[in-house]
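**Student:** Have a peek at my_file.txt (compact mmCIF, C-alpha atoms).
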# COMPACT_ATOMS: atom_id res chain seq x y z
CA MET J 187 9.43 10.95 -17.04
CA LYS J 188 5.64 10.94 -17.31
CA LEU J 189 3.63 8.33 -19.18
CA GLN J 190 0.35 9.42 -20.75
CA VAL J 191 -2.27 7.44 -22.65
CA LYS J 192 -4.78 9.63 -24.47
CA ASN J 193 -8.08 8.40 -25.90
CA LEU J 194 -6.61 5.03 -26.86
CA SER J 195 -8.68 2.44 -28.69
CA TRP J 196 -7.61 -0.92 -30.08
CA GLY J 197 -9.86 -3.05 -32.24
CA LYS J 198 -12.95 -4.17 -30.36
CA ILE J 199 -11.03 -4.62 -27.09
CA LEU J 200 -10.15 -1.11 -25.86
CA SER J 201 -12.19 2.06 -26.20
CA GLY J 202 -11.28 5.62 -25.27
CA VAL J 203 -8.74 4.79 -22.57
CA ASN J 204 -7.03 7.67 -20.77
CA LEU J 205 -4.44 7.29 -18.02
CA PHE J 206 -1.22 8.81 -16.75
CA VAL J 207 1.67 7.83 -14.52
CA ASN J 208 3.76 10.56 -12.93
CA LYS J 209 7.43 10.18 -12.14
CA GLY J 210 7.93 8.13 -8.96
CA GLU J 211 4.39 6.73 -8.88
CA LEU J 212 3.33 3.09 -8.62
CA VAL J 213 0.05 2.89 -10.53
CA GLY J 214 -2.03 -0.27 -10.73
CA ILE J 215 -4.54 -1.47 -13.31
CA VAL J 216 -7.14 -3.85 -11.92
CA GLY J 217 -10.29 -5.44 -13.24
CA PRO J 218 -11.80 -8.83 -14.10
CA ASN J 219 -10.41 -11.21 -16.69
CA GLY J 220 -11.08 -10.02 -20.21
CA SER J 221 -11.44 -6.36 -19.26
CA GLY J 222 -8.53 -5.29 -21.48
CA LYS J 223 -5.73 -4.82 -18.91
CA SER J 224 -3.01 -6.80 -20.69
CA SER J 225 -4.13 -5.51 -24.09
CA LEU J 226 -3.64 -1.97 -22.81
CA LEU J 227 -0.12 -2.75 -21.62
CA ARG J 228 0.75 -4.35 -24.96
CA CYS J 229 -0.30 -1.13 -26.70
CA ILE J 230 1.86 0.91 -24.33
CA TYR J 231 4.99 -1.13 -24.98
CA ARG J 232 4.35 -1.31 -28.74
CA MET J 233 3.30 -4.91 -29.19
CA ASN J 234 -0.15 -3.80 -30.35
CA LYS J 235 -0.55 -0.63 -32.41
CA PRO J 236 -3.62 1.34 -31.24
CA SER J 237 -6.44 2.01 -33.68
CA THR J 238 -6.69 5.57 -32.34
CA GLY J 239 -5.12 7.67 -29.62
CA GLU J 240 -1.65 8.51 -28.35
CA ILE J 241 0.91 7.04 -25.97
CA LEU J 242 3.34 9.70 -24.79
CA LEU J 243 6.58 9.54 -22.83
CA ASP J 244 6.75 13.14 -21.69
CA ASP J 245 5.87 14.73 -25.04
CA LEU J 246 7.22 12.00 -27.30
CA ASP J 247 4.93 9.54 -29.09
CA VAL J 248 6.28 6.01 -28.47
CA TRP J 249 5.55 5.12 -32.10
CA ALA J 250 7.84 7.95 -33.24
CA ILE J 251 10.81 6.62 -31.23
CA ASN J 252 13.04 3.80 -32.46
CA VAL J 253 12.83 0.48 -30.65
CA LYS J 254 16.21 0.75 -28.95
CA ASP J 255 15.44 4.19 -27.51
CA VAL J 256 12.01 3.01 -26.32
CA SER J 257 13.78 0.15 -24.53
CA LYS J 258 15.89 2.68 -22.65
CA LYS J 259 12.72 4.34 -21.42
CA LEU J 260 10.40 1.35 -20.86
CA ALA J 261 11.30 -1.99 -19.28
CA VAL J 262 8.64 -4.69 -19.60
CA VAL J 263 7.88 -7.78 -17.53
CA PRO J 264 5.31 -9.79 -19.52
CA GLN J 265 3.20 -12.63 -18.15
CA SER J 266 5.29 -15.15 -20.05
CA MET J 267 8.23 -15.43 -22.41
CA PRO J 268 8.59 -17.43 -25.65
CA SER J 269 10.28 -20.77 -25.02
CA GLU J 270 11.82 -21.57 -28.40
CA PHE J 271 15.35 -20.68 -27.34
CA GLU J 272 17.47 -22.08 -24.56
CA PHE J 273 19.39 -19.61 -22.42
CA THR J 274 20.77 -19.64 -18.92
CA VAL J 275 19.16 -17.43 -16.30
CA ARG J 276 22.15 -15.07 -16.42
CA GLU J 277 21.84 -14.78 -20.21
CA ILE J 278 18.14 -13.94 -19.92
CA VAL J 279 18.84 -11.26 -17.31
CA SER J 280 21.78 -9.87 -19.32
CA MET J 281 19.41 -9.14 -22.23
CA GLY J 282 18.27 -6.13 -20.22
CA ARG J 283 21.62 -4.47 -20.97
CA TYR J 284 21.31 -4.79 -24.78
CA PRO J 285 19.62 -1.38 -25.31
CA HIS J 286 22.68 0.24 -23.76
CA LYS J 287 25.27 -1.58 -25.89
CA GLY J 288 26.56 -1.16 -29.41
CA LEU J 289 26.23 -3.92 -32.00
CA ILE J 290 29.52 -5.63 -31.12
CA GLU J 291 30.13 -3.99 -27.75
CA SER J 292 30.86 -6.45 -24.95
CA PHE J 293 29.73 -6.23 -21.34
CA ASN J 294 31.93 -4.24 -18.98
CA ASP J 295 32.40 -4.53 -15.22
CA ARG J 296 29.42 -2.29 -14.51
CA ASP J 297 27.12 -4.40 -16.71
CA ASN J 298 28.20 -7.58 -14.92
CA GLU J 299 27.80 -5.91 -11.53
CA LEU J 300 24.24 -4.80 -12.38
CA ILE J 301 23.34 -8.31 -13.57
CA SER J 302 24.66 -9.97 -10.41
CA GLN J 303 22.99 -7.35 -8.23
CA ALA J 304 19.61 -7.89 -9.91
CA LEU J 305 19.92 -11.68 -9.61
CA THR J 306 20.66 -11.25 -5.92
CA GLN J 307 17.68 -8.90 -5.46
CA VAL J 308 15.24 -11.50 -6.76
CA GLY J 309 16.92 -14.47 -5.05
CA MET J 310 18.18 -16.04 -8.28
CA LEU J 311 21.96 -15.69 -8.05
CA GLU J 312 22.46 -19.36 -7.13
CA LEU J 313 20.42 -20.35 -10.19
CA ALA J 314 22.26 -18.03 -12.58
CA ASP J 315 23.75 -20.89 -14.61
CA ARG J 316 20.56 -22.95 -14.80
CA ASN J 317 18.69 -23.34 -18.08
CA PHE J 318 15.84 -20.84 -18.01
CA MET J 319 13.37 -23.41 -19.36
CA SER J 320 14.11 -25.76 -16.45
CA LEU J 321 12.81 -23.24 -13.92
CA SER J 322 9.44 -23.20 -12.21
CA GLY J 323 6.91 -20.54 -13.23
CA GLY J 324 7.77 -18.41 -10.20
CA GLU J 325 11.51 -18.66 -10.83
CA LYS J 326 11.05 -17.61 -14.46
CA GLN J 327 9.01 -14.62 -13.32
CA ARG J 328 11.73 -13.53 -10.92
CA ALA J 329 14.35 -13.82 -13.68
CA LEU J 330 12.27 -11.61 -15.98
CA ILE J 331 11.89 -9.05 -13.20
CA ALA J 332 15.67 -9.07 -12.75
CA ARG J 333 16.05 -8.48 -16.49
CA ALA J 334 13.82 -5.40 -16.20
CA PHE J 335 15.87 -4.07 -13.29
CA VAL J 336 19.18 -4.25 -15.20
CA GLN J 337 17.63 -2.42 -18.13
CA GLU J 338 17.70 0.79 -16.05
CA ALA J 339 14.70 2.15 -17.91
CA GLU J 340 12.83 5.18 -16.64
CA ILE J 341 9.48 3.35 -16.39
CA LEU J 342 8.70 -0.26 -15.46
CA ILE J 343 5.71 -1.95 -17.11
CA LEU J 344 4.66 -5.15 -15.34
CA ASP J 345 1.87 -7.53 -16.31
CA GLU J 346 0.89 -9.35 -13.12
CA PRO J 347 4.33 -9.32 -11.44
CA GLY J 348 3.07 -11.65 -8.70
CA ASN J 349 1.99 -14.28 -11.23
CA HIS J 350 3.30 -17.74 -10.13
CA LEU J 351 5.05 -16.23 -7.08
CA ASP J 352 4.49 -17.39 -3.51
CA ILE J 353 3.53 -14.88 -0.83
CA TYR J 354 7.11 -14.16 0.22
CA TYR J 355 8.29 -13.22 -3.27
CA GLN J 356 5.07 -11.34 -4.06
CA LEU J 357 5.83 -9.07 -1.13
CA GLU J 358 9.53 -8.88 -1.96
CA ILE J 359 8.83 -7.76 -5.53
CA MET J 360 6.18 -5.25 -4.45
CA ASN J 361 8.58 -3.81 -1.89
CA MET J 362 11.21 -3.42 -4.62
CA ILE J 363 8.95 -1.58 -7.05
CA SER J 364 7.18 0.61 -4.47
CA ASN J 365 10.19 2.89 -4.42
CA PRO J 366 10.00 6.65 -5.08
CA ASP J 367 13.00 6.27 -7.39
CA ILE J 368 11.01 3.88 -9.61
CA THR J 369 8.09 4.81 -11.88
CA CYS J 370 5.87 1.81 -12.46
CA LEU J 371 2.62 0.81 -14.16
CA THR J 372 1.44 -2.68 -13.30
CA VAL J 373 -1.53 -4.94 -13.91
CA MET J 374 -2.63 -6.68 -10.71
CA HIS J 375 -5.30 -9.18 -9.71
CA ASP J 376 -4.79 -9.15 -5.95
CA LEU J 377 -6.82 -6.19 -4.67
CA ASN J 378 -5.22 -6.48 -1.22
CA LEU J 379 -1.74 -5.95 -2.65
CA ALA J 380 -2.98 -3.29 -5.05
CA SER J 381 -4.65 -1.31 -2.27
CA ASN J 382 -1.60 -1.54 -0.03
CA TYR J 383 1.12 -0.67 -2.52
CA CYS J 384 -0.32 1.41 -5.35
CA ASP J 385 -0.46 5.20 -5.21
CA ARG J 386 -3.40 5.18 -7.61
CA LEU J 387 -5.54 2.61 -9.39
CA TYR J 388 -7.33 2.38 -12.70
CA VAL J 389 -10.25 -0.05 -12.67
CA MET J 390 -11.09 -1.51 -16.07
CA LYS J 391 -14.34 -3.06 -17.25
CA ASP J 392 -15.26 -4.07 -20.81
CA GLY J 393 -12.24 -2.34 -22.33
CA GLU J 394 -12.81 1.02 -20.68
CA ILE J 395 -11.63 2.83 -17.56
CA TYR J 396 -14.50 2.36 -15.10
CA ALA J 397 -12.99 4.28 -12.18
CA THR J 398 -9.72 5.83 -11.10
CA GLY J 399 -8.34 7.24 -7.88
CA LYS J 400 -6.61 6.30 -4.66
CA PRO J 401 -7.28 2.70 -3.60
CA ALA J 402 -9.03 3.60 -0.36
CA GLU J 403 -11.39 5.92 -2.22
CA ILE J 404 -12.48 3.69 -5.10
CA LEU J 405 -12.32 0.07 -3.85
CA THR J 406 -15.80 0.12 -2.36
CA GLN J 407 -18.40 -2.60 -1.96
CA LYS J 408 -20.45 -0.95 -4.70
CA LEU J 409 -17.58 -0.87 -7.20
CA ILE J 410 -16.50 -4.45 -6.52
CA ARG J 411 -20.06 -5.64 -6.96
CA GLU J 412 -20.51 -3.71 -10.21
CA VAL J 413 -17.15 -4.66 -11.71
CA TYR J 414 -16.51 -8.15 -10.34
CA GLN J 415 -20.10 -9.29 -9.58
CA VAL J 416 -18.96 -10.15 -6.06
CA ASN J 417 -20.49 -9.11 -2.75
CA ALA J 418 -17.39 -8.20 -0.78
CA ALA J 419 -16.98 -7.30 2.87
CA ILE J 420 -14.68 -4.27 3.10
CA ARG J 421 -12.90 -4.07 6.44
CA PRO J 422 -10.10 -1.81 7.71
CA GLY J 423 -6.67 -3.26 7.02
CA ILE J 424 -5.56 -5.89 4.55
CA PHE J 425 -4.19 -9.43 4.61
CA PHE J 426 -0.60 -8.49 3.78
CA SER J 427 1.31 -5.34 4.63
CA LYS J 428 4.49 -3.72 3.37
CA LEU J 429 6.14 -4.97 6.54
CA GLY J 430 5.00 -8.52 5.90
CA CYS J 431 8.30 -9.78 4.48
CA CYS J 432 10.73 -11.16 7.00
In structure tokens, what does this structure look like?

**Tutor:**
Amino acid sequence: MKLQVKNLSWGKILSGVNLFVNKGELVGIVGPNGSGKSSLLRCIYRMNKPSTGEILLDDLDVWAINVKDVSKKLAVVPQSMPSEFEFTVREIVSMGRYPHKGLIESFNDRDNELISQALTQVGMLELADRNFMSLSGGEKQRALIARAFVQEAEILILDEPGNHLDIYYQLEIMNMISNPDITCLTVMHDLNLASNYCDRLYVMKDGEIYATGKPAEILTQKLIREVYQVNAAIRPGIFFSKLGCC
């Protein structure tokens, strides 16, 4: 499945945004705070309705698809989750199976296996019966990532997946999503991780796409100075590598 955003604008925040994610790609969106990265993701997963433009999954407009079917195609890991309700970690993760179930259909053995497998992947199986609200920020983030995995959607949408995570789990999560069997669009702040893991990047500034291309081609001293107002020293190699997790 291919994701396309065509000439998308939203209020005074986003203007004329175009991007695409091909099947099997890991595509990153980077840029300074306030550049419109999270607003763009919220338009893609239907939290914000664009003022103009289209969001297509293959040739289908996401706003022409019912919510349940969109959830089978897009799995979302937001920066945070509302805290009004109290659920266990396992209950939070199990919500990822709801798009695949009927109104009164119960979980089967495969559902339970997927939930336990995802909890194990993110190192949360031992905390499965803990109250979600009692977790640290990093533990909550890992639970939400597990929920996205069990959803078995065709495209993952992640808003700063490394948010609150220590180095070990940042690398673990990036290793999980940099898989040719997974199609992923993610907002990132860490340019080292973005350059090491992403197939392509979109750099945003002031609500527009400022540059796009392969990380090694576009993350230059000139671009970082113009976008981030930082004089950076670009050297071969990065701080963390794909082999950095032990």

**Student:** What does the distance between CA of Ala339 (chain J) and CA of Ile215 (chain J) come to in Å, to one decimal place?

**Tutor:**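 Value for the CA of Ala339 (chain J)-CA of Ile215 (chain J) distance: 20.1 Å.
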
**Student:** Point out the residue among J:Leu305, J:Ile353, J:Leu189, J:Leu226 with the least atom-to-atom distance to Val248 (chain J), counting only C-alpha atoms.

**Tutor:**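 Of J:Leu305, J:Ile353, J:Leu189, J:Leu226, the one nearest Val248 (chain J), counting only C-alpha atoms, is J:Leu189.
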
**Student:** Tell me which protein, DNA and RNA residues are within 12 Å of Arg276 (chain J), counting only C-alpha atoms, leaving out same-chain ones fewer than 4 positions away, and put them as a ChimeraX atom specification.

**Tutor:** /J:272,280-283,297-306,310-318,326,328-330,332-333,336

**Student:** Give me the residues near Gly222 (chain J) as number ranges by chain, where near means some atom within 7 Å (using all atoms listed in the file) and where sequence neighbours in that chain fewer than 2 positions away do not count.

**Tutor:** J: 199-200, 220, 224-226, 392-393

**Student:** So that I can see what lies close to Met390 (chain J), please list as a list in words the residues with an atom at most 9 Å from it, counting all atoms listed in the file and leaving out residues fewer than 3 positions away in the same chain.

**Tutor:**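 The neighbour list is Ile215, Val216, Gly217, Pro218, Ser221, Gly222, Lys223, Gly393, Glu394, Ile395, Tyr396, Ala397, Thr398 and Val413 of chain J.
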
**Student:** Between CA of Phe293 (chain J) and CA of Ala261 (chain J), what is the distance, to one decimal in Å?

**Tutor:** 19.0 Å

**Student:** CA of Ile341 (chain J) to CA of Val275 (chain J): how many Å, to one decimal?

**Tutor:** 22.9 Å

**Student:** Near Val253 (chain J), counting all atoms listed in the file, which residues have an atom at most 12 Å away, once you skip same-chain residues fewer than 3 positions from it, shown as a list in words?

**Tutor:** Tyr231, Arg232, Met233, Val248, Trp249, Ala250, Val256, Ser257, Lys258, Lys259, Leu260, Ala261, Tyr284 and Pro285 of chain J

**Student:** Please write out, as lines of an AutoDock Vina configuration file, where the centre of an axis-aligned box around all listed atoms of region 289-307 of chain J lies and how long its edges are, in Å to one decimal, after adding 4 Å on each side.

**Tutor:**
center_x = 25.0
center_y = -7.0
center_z = -18.7
size_x = 22.7
size_y = 17.4
size_z = 34.5

**Student:** Ranking J:Ser237, J:Gln415, J:Ser320, J:Glu403 by minimum distance to Phe273 (chain J) and counting all atoms listed in the file, which one comes first?

**Tutor:** J:Ser320

**Student:** Contacts of Gln327 (chain J) at 8 Å or less, counting all atoms listed in the file, minus same-chain residues fewer than 2 places along, as a PyMOL selection string?

**Tutor:** chain J and resi 265-266+323-325+329-331+347+349-351

**Student:** Taking only C-alpha atoms into account, which of J:Ile359, J:Leu289, J:Val262, J:Leu379 comes nearest Gln337 (chain J)?

**Tutor:** J:Val262

**Student:** As a PDB file, in the frame of the given file, could you write out region 208-219 of chain J once it has been completed with all heavy atoms?

**Tutor:**
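out38.pdb, freshly written:
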ATOM      1  N   ASN J 208       2.758   9.548 -13.205  1.00  0.00           N
ATOM      2  CA  ASN J 208       3.760  10.560 -12.930  1.00  0.00           C
ATOM      3  C   ASN J 208       5.062   9.930 -12.463  1.00  0.00           C
ATOM      4  O   ASN J 208       5.082   8.798 -11.966  1.00  0.00           O
ATOM      5  CB  ASN J 208       3.260  11.532 -11.859  1.00  0.00           C
ATOM      6  CG  ASN J 208       2.141  12.422 -12.353  1.00  0.00           C
ATOM      7  OD1 ASN J 208       2.184  12.933 -13.475  1.00  0.00           O
ATOM      8  ND2 ASN J 208       1.121  12.611 -11.534  1.00  0.00           N
ATOM      9  N   LYS J 209       6.134  10.660 -12.586  1.00  0.00           N
ATOM     10  CA  LYS J 209       7.430  10.180 -12.140  1.00  0.00           C
ATOM     11  C   LYS J 209       7.371   9.792 -10.662  1.00  0.00           C
ATOM     12  O   LYS J 209       6.866  10.539  -9.830  1.00  0.00           O
ATOM     13  CB  LYS J 209       8.503  11.252 -12.349  1.00  0.00           C
ATOM     14  CG  LYS J 209       9.908  10.791 -11.986  1.00  0.00           C
ATOM     15  CD  LYS J 209      10.941  11.859 -12.294  1.00  0.00           C
ATOM     16  CE  LYS J 209      12.338  11.367 -11.930  1.00  0.00           C
ATOM     17  NZ  LYS J 209      13.384  12.383 -12.246  1.00  0.00           N
ATOM     18  N   GLY J 210       7.883   8.600 -10.334  1.00  0.00           N
ATOM     19  CA  GLY J 210       7.930   8.130  -8.960  1.00  0.00           C
ATOM     20  C   GLY J 210       6.677   7.450  -8.463  1.00  0.00           C
ATOM     21  O   GLY J 210       6.643   6.955  -7.337  1.00  0.00           O
ATOM     22  N   GLU J 211       5.633   7.375  -9.298  1.00  0.00           N
ATOM     23  CA  GLU J 211       4.390   6.730  -8.880  1.00  0.00           C
ATOM     24  C   GLU J 211       4.405   5.232  -9.176  1.00  0.00           C
ATOM     25  O   GLU J 211       5.026   4.771 -10.133  1.00  0.00           O
ATOM     26  CB  GLU J 211       3.191   7.329  -9.634  1.00  0.00           C
ATOM     27  CG  GLU J 211       2.674   8.628  -9.084  1.00  0.00           C
ATOM     28  CD  GLU J 211       1.325   8.985  -9.692  1.00  0.00           C
ATOM     29  OE1 GLU J 211       1.205   8.956 -10.934  1.00  0.00           O
ATOM     30  OE2 GLU J 211       0.399   9.299  -8.943  1.00  0.00           O
ATOM     31  N   LEU J 212       3.668   4.485  -8.340  1.00  0.00           N
ATOM     32  CA  LEU J 212       3.330   3.090  -8.620  1.00  0.00           C
ATOM     33  C   LEU J 212       1.824   3.066  -8.876  1.00  0.00           C
ATOM     34  O   LEU J 212       1.024   3.276  -7.959  1.00  0.00           O
ATOM     35  CB  LEU J 212       3.697   2.190  -7.444  1.00  0.00           C
ATOM     36  CG  LEU J 212       3.214   0.738  -7.497  1.00  0.00           C
ATOM     37  CD1 LEU J 212       3.635   0.054  -8.781  1.00  0.00           C
ATOM     38  CD2 LEU J 212       3.711  -0.038  -6.286  1.00  0.00           C
ATOM     39  N   VAL J 213       1.458   2.848 -10.121  1.00  0.00           N
ATOM     40  CA  VAL J 213       0.050   2.890 -10.530  1.00  0.00           C
ATOM     41  C   VAL J 213      -0.379   1.500 -10.956  1.00  0.00           C
ATOM     42  O   VAL J 213       0.312   0.830 -11.735  1.00  0.00           O
ATOM     43  CB  VAL J 213      -0.149   3.898 -11.683  1.00  0.00           C
ATOM     44  CG1 VAL J 213      -1.590   3.849 -12.200  1.00  0.00           C
ATOM     45  CG2 VAL J 213       0.193   5.310 -11.214  1.00  0.00           C
ATOM     46  N   GLY J 214      -1.515   1.053 -10.426  1.00  0.00           N
ATOM     47  CA  GLY J 214      -2.030  -0.270 -10.730  1.00  0.00           C
ATOM     48  C   GLY J 214      -3.234  -0.226 -11.646  1.00  0.00           C
ATOM     49  O   GLY J 214      -4.032   0.715 -11.603  1.00  0.00           O
ATOM     50  N   ILE J 215      -3.339  -1.257 -12.488  1.00  0.00           N
ATOM     51  CA  ILE J 215      -4.540  -1.470 -13.310  1.00  0.00           C
ATOM     52  C   ILE J 215      -5.176  -2.758 -12.833  1.00  0.00           C
ATOM     53  O   ILE J 215      -4.536  -3.815 -12.821  1.00  0.00           O
ATOM     54  CB  ILE J 215      -4.185  -1.595 -14.807  1.00  0.00           C
ATOM     55  CG1 ILE J 215      -3.423  -0.362 -15.297  1.00  0.00           C
ATOM     56  CG2 ILE J 215      -5.455  -1.785 -15.634  1.00  0.00           C
ATOM     57  CD1 ILE J 215      -2.920  -0.492 -16.728  1.00  0.00           C
ATOM     58  N   VAL J 216      -6.425  -2.683 -12.410  1.00  0.00           N
ATOM     59  CA  VAL J 216      -7.140  -3.850 -11.920  1.00  0.00           C
ATOM     60  C   VAL J 216      -8.441  -4.002 -12.703  1.00  0.00           C
ATOM     61  O   VAL J 216      -8.885  -3.093 -13.386  1.00  0.00           O
ATOM     62  CB  VAL J 216      -7.435  -3.742 -10.399  1.00  0.00           C
ATOM     63  CG1 VAL J 216      -6.137  -3.654  -9.605  1.00  0.00           C
ATOM     64  CG2 VAL J 216      -8.334  -2.545 -10.085  1.00  0.00           C
ATOM     65  N   GLY J 217      -9.038  -5.168 -12.553  1.00  0.00           N
ATOM     66  CA  GLY J 217     -10.290  -5.440 -13.240  1.00  0.00           C
ATOM     67  C   GLY J 217     -10.418  -6.925 -13.518  1.00  0.00           C
ATOM     68  O   GLY J 217      -9.427  -7.668 -13.417  1.00  0.00           O
ATOM     69  N   PRO J 218     -11.589  -7.395 -13.858  1.00  0.00           N
ATOM     70  CA  PRO J 218     -11.800  -8.830 -14.100  1.00  0.00           C
ATOM     71  C   PRO J 218     -11.089  -9.311 -15.348  1.00  0.00           C
ATOM     72  O   PRO J 218     -10.642  -8.517 -16.189  1.00  0.00           O
ATOM     73  CB  PRO J 218     -13.323  -8.941 -14.232  1.00  0.00           C
ATOM     74  CG  PRO J 218     -13.764  -7.590 -14.684  1.00  0.00           C
ATOM     75  CD  PRO J 218     -12.830  -6.608 -14.043  1.00  0.00           C
ATOM     76  N   ASN J 219     -10.983 -10.623 -15.476  1.00  0.00           N
ATOM     77  CA  ASN J 219     -10.410 -11.210 -16.690  1.00  0.00           C
ATOM     78  C   ASN J 219     -11.182 -10.743 -17.913  1.00  0.00           C
ATOM     79  O   ASN J 219     -12.417 -10.667 -17.896  1.00  0.00           O
ATOM     80  CB  ASN J 219     -10.459 -12.737 -16.622  1.00  0.00           C
ATOM     81  CG  ASN J 219      -9.520 -13.300 -15.580  1.00  0.00           C
ATOM     82  OD1 ASN J 219      -8.536 -12.662 -15.206  1.00  0.00           O
ATOM     83  ND2 ASN J 219      -9.803 -14.500 -15.100  1.00  0.00           N
TER      84      ASN J 219
END
